[in-house]
Amino acid sequence: MWGAIKKWTGANSSIKTREELVKEIQTLKIPEHVAIITDGNGRWAKKRGLPRTAGHAAGMKSIRETIRAANDLGIRILTLYSFSTENWKRPKEEVDYLMKLPKQFLKTDLKELIDSNVKVQMLGSKEKMPSFTQQALLEFEEKTKNNTGMILNFSINYGARDEILFAIRQIIDEVQKGNIEKEDINEELMNHMLLTRGLPDPDLVIRTSGEIRISNFFLWQLAYSELWFTDLMWPDFTKDTFYQAIHDFQNRSRRYGAV
Ligand code: IPE
Ligand code: IPE
Ligand code: MG
């Protein structure tokens, strides 16, 4: 039976149907910004005797399902960490394959994203990418730029240390030009210089694949994010896993250093 999913939080592990869980989620505070480190495609494939690229292909289904689930719940911002600045170190054929995915995704999913009022944005430099990848990413941004619903960030060729260094250089520029004083450097200014300018920090960060690390993602922004880990590989991540993460988040107490 599809509907029975385990409720992980609390002392009792009562069984709830998907509908019951979603209903409960909707009565509680929905996180404004959810970010996901979508990890484990390679291991998912390896376990099945398939090439790593087959795992990346399978992961696209999870991306689609998660976007739909997030949009249906009314989450305002969903960020998917899809390719890090360190992922260029992978074998060329794997990188080449990954660089083809945006164009494919454009063909299969752009229409649905437009129709569901999702605004797609890229966090990361397009510079090192093949031109057809850059084109596809630009088209996502261009064709959805007037949408007013959920913001969907793809962190592609994203690295938090790069982002912070870039911000520091911009700030120094502004000081040197005399536009600001050293004393004007504060959190607000820093937020303004980051790629996430104008967006709230993630309330919840999900990572799949059993790795308990951040891997150069949002180092500034996740100062007070709630972290949620699952051993599932990304292609095995479903909307039910997503609902579980959201529900767990809703049952946490965020103190921000206060009591
Ligand atoms: C995540 O899966 C996708 C990318 C980083 C591009 P991986 O490719 O890292 O899969 P594992 O972690 O090796 O299993
Ligand atoms: C993190 O996964 C980055 C993305 C999911 C894009 P990695 O597979 O690159 O991270 P490590 O190497 O396990 O830390
Ligand atoms: Mg990985």
# chains A, B, ... in the order shown; residues from 1 in each chain; ligands from 1

$ residues_near_ligand --ligand "ligand 2" --cutoff "6 Å" --atoms "only C-alpha atoms and all ligand atoms" --output "mmCIF file with N, CA and C atoms, in the first residue's frame"
data_model
loop_
_atom_site.group_PDB
_atom_site.id
_atom_site.type_symbol
_atom_site.label_atom_id
_atom_site.label_comp_id
_atom_site.auth_asym_id
_atom_site.auth_seq_id
_atom_site.Cartn_x
_atom_site.Cartn_y
_atom_site.Cartn_z
ATOM 1 N N ILE A 37 20.936 19.049 -0.780
ATOM 2 C CA ILE A 37 22.188 18.543 -1.355
ATOM 3 C C ILE A 37 21.839 17.172 -1.931
ATOM 4 N N THR A 38 21.669 17.148 -3.233
ATOM 5 C CA THR A 38 21.105 15.966 -3.899
ATOM 6 C C THR A 38 22.217 14.966 -4.213
ATOM 7 N N ASP A 39 22.622 14.207 -3.219
ATOM 8 C CA ASP A 39 23.821 13.370 -3.345
ATOM 9 C C ASP A 39 23.468 11.879 -3.434
ATOM 10 N N TYR A 81 21.197 21.814 -4.821
ATOM 11 C CA TYR A 81 22.654 21.867 -5.047
ATOM 12 C C TYR A 81 22.986 20.722 -5.989
ATOM 13 N N SER A 82 23.254 21.067 -7.228
ATOM 14 C CA SER A 82 23.352 20.044 -8.278
ATOM 15 C C SER A 82 24.774 19.775 -8.751
ATOM 16 N N PHE A 83 25.650 20.781 -8.654
ATOM 17 C CA PHE A 83 27.016 20.602 -9.158
ATOM 18 C C PHE A 83 27.918 21.607 -8.442
ATOM 19 N N SER A 84 28.935 21.095 -7.781
ATOM 20 C CA SER A 84 29.793 21.982 -6.993
ATOM 21 C C SER A 84 31.011 22.427 -7.803
ATOM 22 N N ASN A 87 33.196 19.550 -8.329
ATOM 23 C CA ASN A 87 32.771 18.421 -9.161
ATOM 24 C C ASN A 87 33.447 18.387 -10.534
ATOM 25 N N SER A 215 29.908 19.919 2.278
ATOM 26 C CA SER A 215 30.536 19.923 0.947
ATOM 27 C C SER A 215 30.472 21.282 0.240
#

$ closest_atom_pairs --of "chain A" --to "ligand 3" --cutoff "12 Å" --atoms "only C-alpha atoms and all ligand atoms" --output "Markdown table"
| residue | atom | partner | partner_atom_place_in_ligand_line | distance |
| --- | --- | --- | --- | --- |
| A:Ile37 | CA | ligand 3 | 1 (Mg) | 9.1 |
| A:Thr38 | CA | ligand 3 | 1 (Mg) | 8.1 |
| A:Asp39 | CA | ligand 3 | 1 (Mg) | 4.8 |
| A:Gly40 | CA | ligand 3 | 1 (Mg) | 5.1 |
| A:Asn41 | CA | ligand 3 | 1 (Mg) | 7.0 |
| A:Gly42 | CA | ligand 3 | 1 (Mg) | 6.9 |
| A:Arg43 | CA | ligand 3 | 1 (Mg) | 8.0 |
| A:Trp44 | CA | ligand 3 | 1 (Mg) | 10.3 |
| A:Ala45 | CA | ligand 3 | 1 (Mg) | 11.9 |
| A:Arg52 | CA | ligand 3 | 1 (Mg) | 10.6 |
| A:Gly55 | CA | ligand 3 | 1 (Mg) | 10.9 |
| A:His56 | CA | ligand 3 | 1 (Mg) | 10.7 |
| A:Tyr81 | CA | ligand 3 | 1 (Mg) | 11.1 |
| A:Ser82 | CA | ligand 3 | 1 (Mg) | 10.1 |
| A:Phe83 | CA | ligand 3 | 1 (Mg) | 9.7 |
| A:Ser84 | CA | ligand 3 | 1 (Mg) | 10.0 |
| A:Glu86 | CA | ligand 3 | 1 (Mg) | 10.8 |
| A:Asn87 | CA | ligand 3 | 1 (Mg) | 8.9 |
| A:Arg90 | CA | ligand 3 | 1 (Mg) | 10.6 |
| A:Arg207 | CA | ligand 3 | 1 (Mg) | 10.3 |
| A:Thr208 | CA | ligand 3 | 1 (Mg) | 9.2 |
| A:Ser209 | CA | ligand 3 | 1 (Mg) | 7.6 |
| A:Gly210 | CA | ligand 3 | 1 (Mg) | 9.9 |
| A:Glu211 | CA | ligand 3 | 1 (Mg) | 8.3 |
| A:Ile212 | CA | ligand 3 | 1 (Mg) | 11.3 |
| A:Arg213 | CA | ligand 3 | 1 (Mg) | 10.6 |
| A:Ile214 | CA | ligand 3 | 1 (Mg) | 11.1 |
| A:Ser215 | CA | ligand 3 | 1 (Mg) | 9.2 |
| A:Met233 | CA | ligand 3 | 1 (Mg) | 9.4 |
| A:Trp234 | CA | ligand 3 | 1 (Mg) | 9.6 |

$ select_by_dssp --residues "segment 54-219 of chain A" --states "strand (DSSP E)" --output "MDAnalysis selection string"
chainID A and resid 77:84 119:123 151:158 204:207

$ write_last_selection --atoms "N, CA, C and O atoms" --output "compact mmCIF listing (two decimals), in the first residue's frame"
# COMPACT_ATOMS: atom_id res chain seq x y z
N ILE A 77 10.82 29.10 -1.54
CA ILE A 77 12.10 28.96 -2.23
C ILE A 77 12.63 27.54 -2.07
O ILE A 77 12.72 27.03 -0.95
N LEU A 78 12.97 26.92 -3.18
CA LEU A 78 13.60 25.60 -3.16
C LEU A 78 14.95 25.72 -3.85
O LEU A 78 15.03 26.22 -4.98
N THR A 79 16.01 25.32 -3.17
CA THR A 79 17.34 25.36 -3.77
C THR A 79 17.88 23.94 -3.90
O THR A 79 17.87 23.19 -2.93
N LEU A 80 18.31 23.59 -5.09
CA LEU A 80 18.88 22.27 -5.32
C LEU A 80 20.37 22.42 -5.65
O LEU A 80 20.73 23.09 -6.63
N TYR A 81 21.20 21.81 -4.82
CA TYR A 81 22.65 21.87 -5.05
C TYR A 81 22.99 20.72 -5.99
O TYR A 81 23.00 19.56 -5.61
N SER A 82 23.25 21.07 -7.23
CA SER A 82 23.35 20.04 -8.28
C SER A 82 24.77 19.77 -8.75
O SER A 82 25.06 18.69 -9.26
N PHE A 83 25.65 20.78 -8.65
CA PHE A 83 27.02 20.60 -9.16
C PHE A 83 27.92 21.61 -8.44
O PHE A 83 27.67 22.81 -8.49
N SER A 84 28.93 21.09 -7.78
CA SER A 84 29.79 21.98 -6.99
C SER A 84 31.01 22.43 -7.80
O SER A 84 31.34 21.82 -8.84
N LYS A 119 9.72 30.23 -10.77
CA LYS A 119 10.78 31.10 -11.31
C LYS A 119 12.13 30.42 -11.08
O LYS A 119 12.53 30.19 -9.94
N VAL A 120 12.83 30.11 -12.16
CA VAL A 120 14.09 29.38 -12.05
C VAL A 120 15.27 30.35 -12.06
O VAL A 120 15.33 31.27 -12.88
N GLN A 121 16.18 30.16 -11.12
CA GLN A 121 17.39 31.00 -11.06
C GLN A 121 18.60 30.10 -10.87
O GLN A 121 18.51 29.05 -10.26
N MET A 122 19.73 30.55 -11.37
CA MET A 122 20.97 29.79 -11.21
C MET A 122 21.87 30.48 -10.19
O MET A 122 22.06 31.69 -10.24
N LEU A 123 22.41 29.70 -9.28
CA LEU A 123 23.39 30.22 -8.34
C LEU A 123 24.71 29.55 -8.68
O LEU A 123 24.88 28.36 -8.46
N ILE A 151 10.33 30.17 -6.08
CA ILE A 151 11.65 30.40 -6.67
C ILE A 151 12.43 29.09 -6.58
O ILE A 151 12.53 28.49 -5.51
N LEU A 152 12.91 28.64 -7.73
CA LEU A 152 13.67 27.39 -7.78
C LEU A 152 15.11 27.72 -8.16
O LEU A 152 15.40 28.11 -9.29
N ASN A 153 16.00 27.63 -7.17
CA ASN A 153 17.41 27.90 -7.44
C ASN A 153 18.12 26.59 -7.76
O ASN A 153 17.99 25.62 -7.02
N PHE A 154 18.90 26.60 -8.82
CA PHE A 154 19.81 25.50 -9.07
C PHE A 154 21.22 26.00 -8.77
O PHE A 154 21.68 26.95 -9.40
N SER A 155 21.87 25.37 -7.79
CA SER A 155 23.27 25.72 -7.52
C SER A 155 24.13 24.82 -8.40
O SER A 155 24.31 23.65 -8.13
N ILE A 156 24.57 25.41 -9.49
CA ILE A 156 25.37 24.66 -10.47
C ILE A 156 26.69 25.39 -10.65
O ILE A 156 26.70 26.60 -10.86
N ASN A 157 27.79 24.66 -10.56
CA ASN A 157 29.11 25.26 -10.46
C ASN A 157 29.11 26.26 -9.31
O ASN A 157 29.58 27.39 -9.43
N TYR A 158 28.55 25.81 -8.20
CA TYR A 158 28.46 26.64 -7.01
C TYR A 158 29.46 26.14 -5.97
O TYR A 158 29.61 24.93 -5.76
N LEU A 204 15.72 24.95 6.21
CA LEU A 204 15.97 23.51 6.28
C LEU A 204 16.91 23.10 5.15
O LEU A 204 16.71 23.50 4.00
N VAL A 205 17.94 22.35 5.49
CA VAL A 205 18.83 21.76 4.48
C VAL A 205 18.73 20.25 4.59
O VAL A 205 18.91 19.68 5.66
N ILE A 206 18.43 19.61 3.48
CA ILE A 206 18.31 18.16 3.41
C ILE A 206 19.53 17.63 2.67
O ILE A 206 19.94 18.21 1.67
N ARG A 207 20.15 16.56 3.16
CA ARG A 207 21.18 15.89 2.35
C ARG A 207 20.87 14.40 2.28
O ARG A 207 20.64 13.76 3.30

$ atom_distance --atom1 "atom CA of Glu19 of chain A" --atom2 "atom CA of Met150 of chain A"
22.2 Å

$ closest_residue --among "A:Leu98, A:Leu113, A:Val22, A:Ile30" --to "ligand 1" --atoms "only C-alpha atoms and all ligand atoms"
A:Leu98

$ select_by_dssp --residues "segment 15-153 of chain A" --states "alpha helix (DSSP H)" --output "PyMOL selection string"
chain A and resi 18-27+41-47+52-73+92-115+131-144

$ closest_residue --among "A:Lys239, A:Arg197, A:His33, A:Arg18" --to "Ser62 of chain A" --atoms "only C-alpha atoms"
A:Lys239

$ atom_distance --atom1 "atom CA of Lys100 of chain A" --atom2 "atom CA of Lys145 of chain A"
22.3 Å
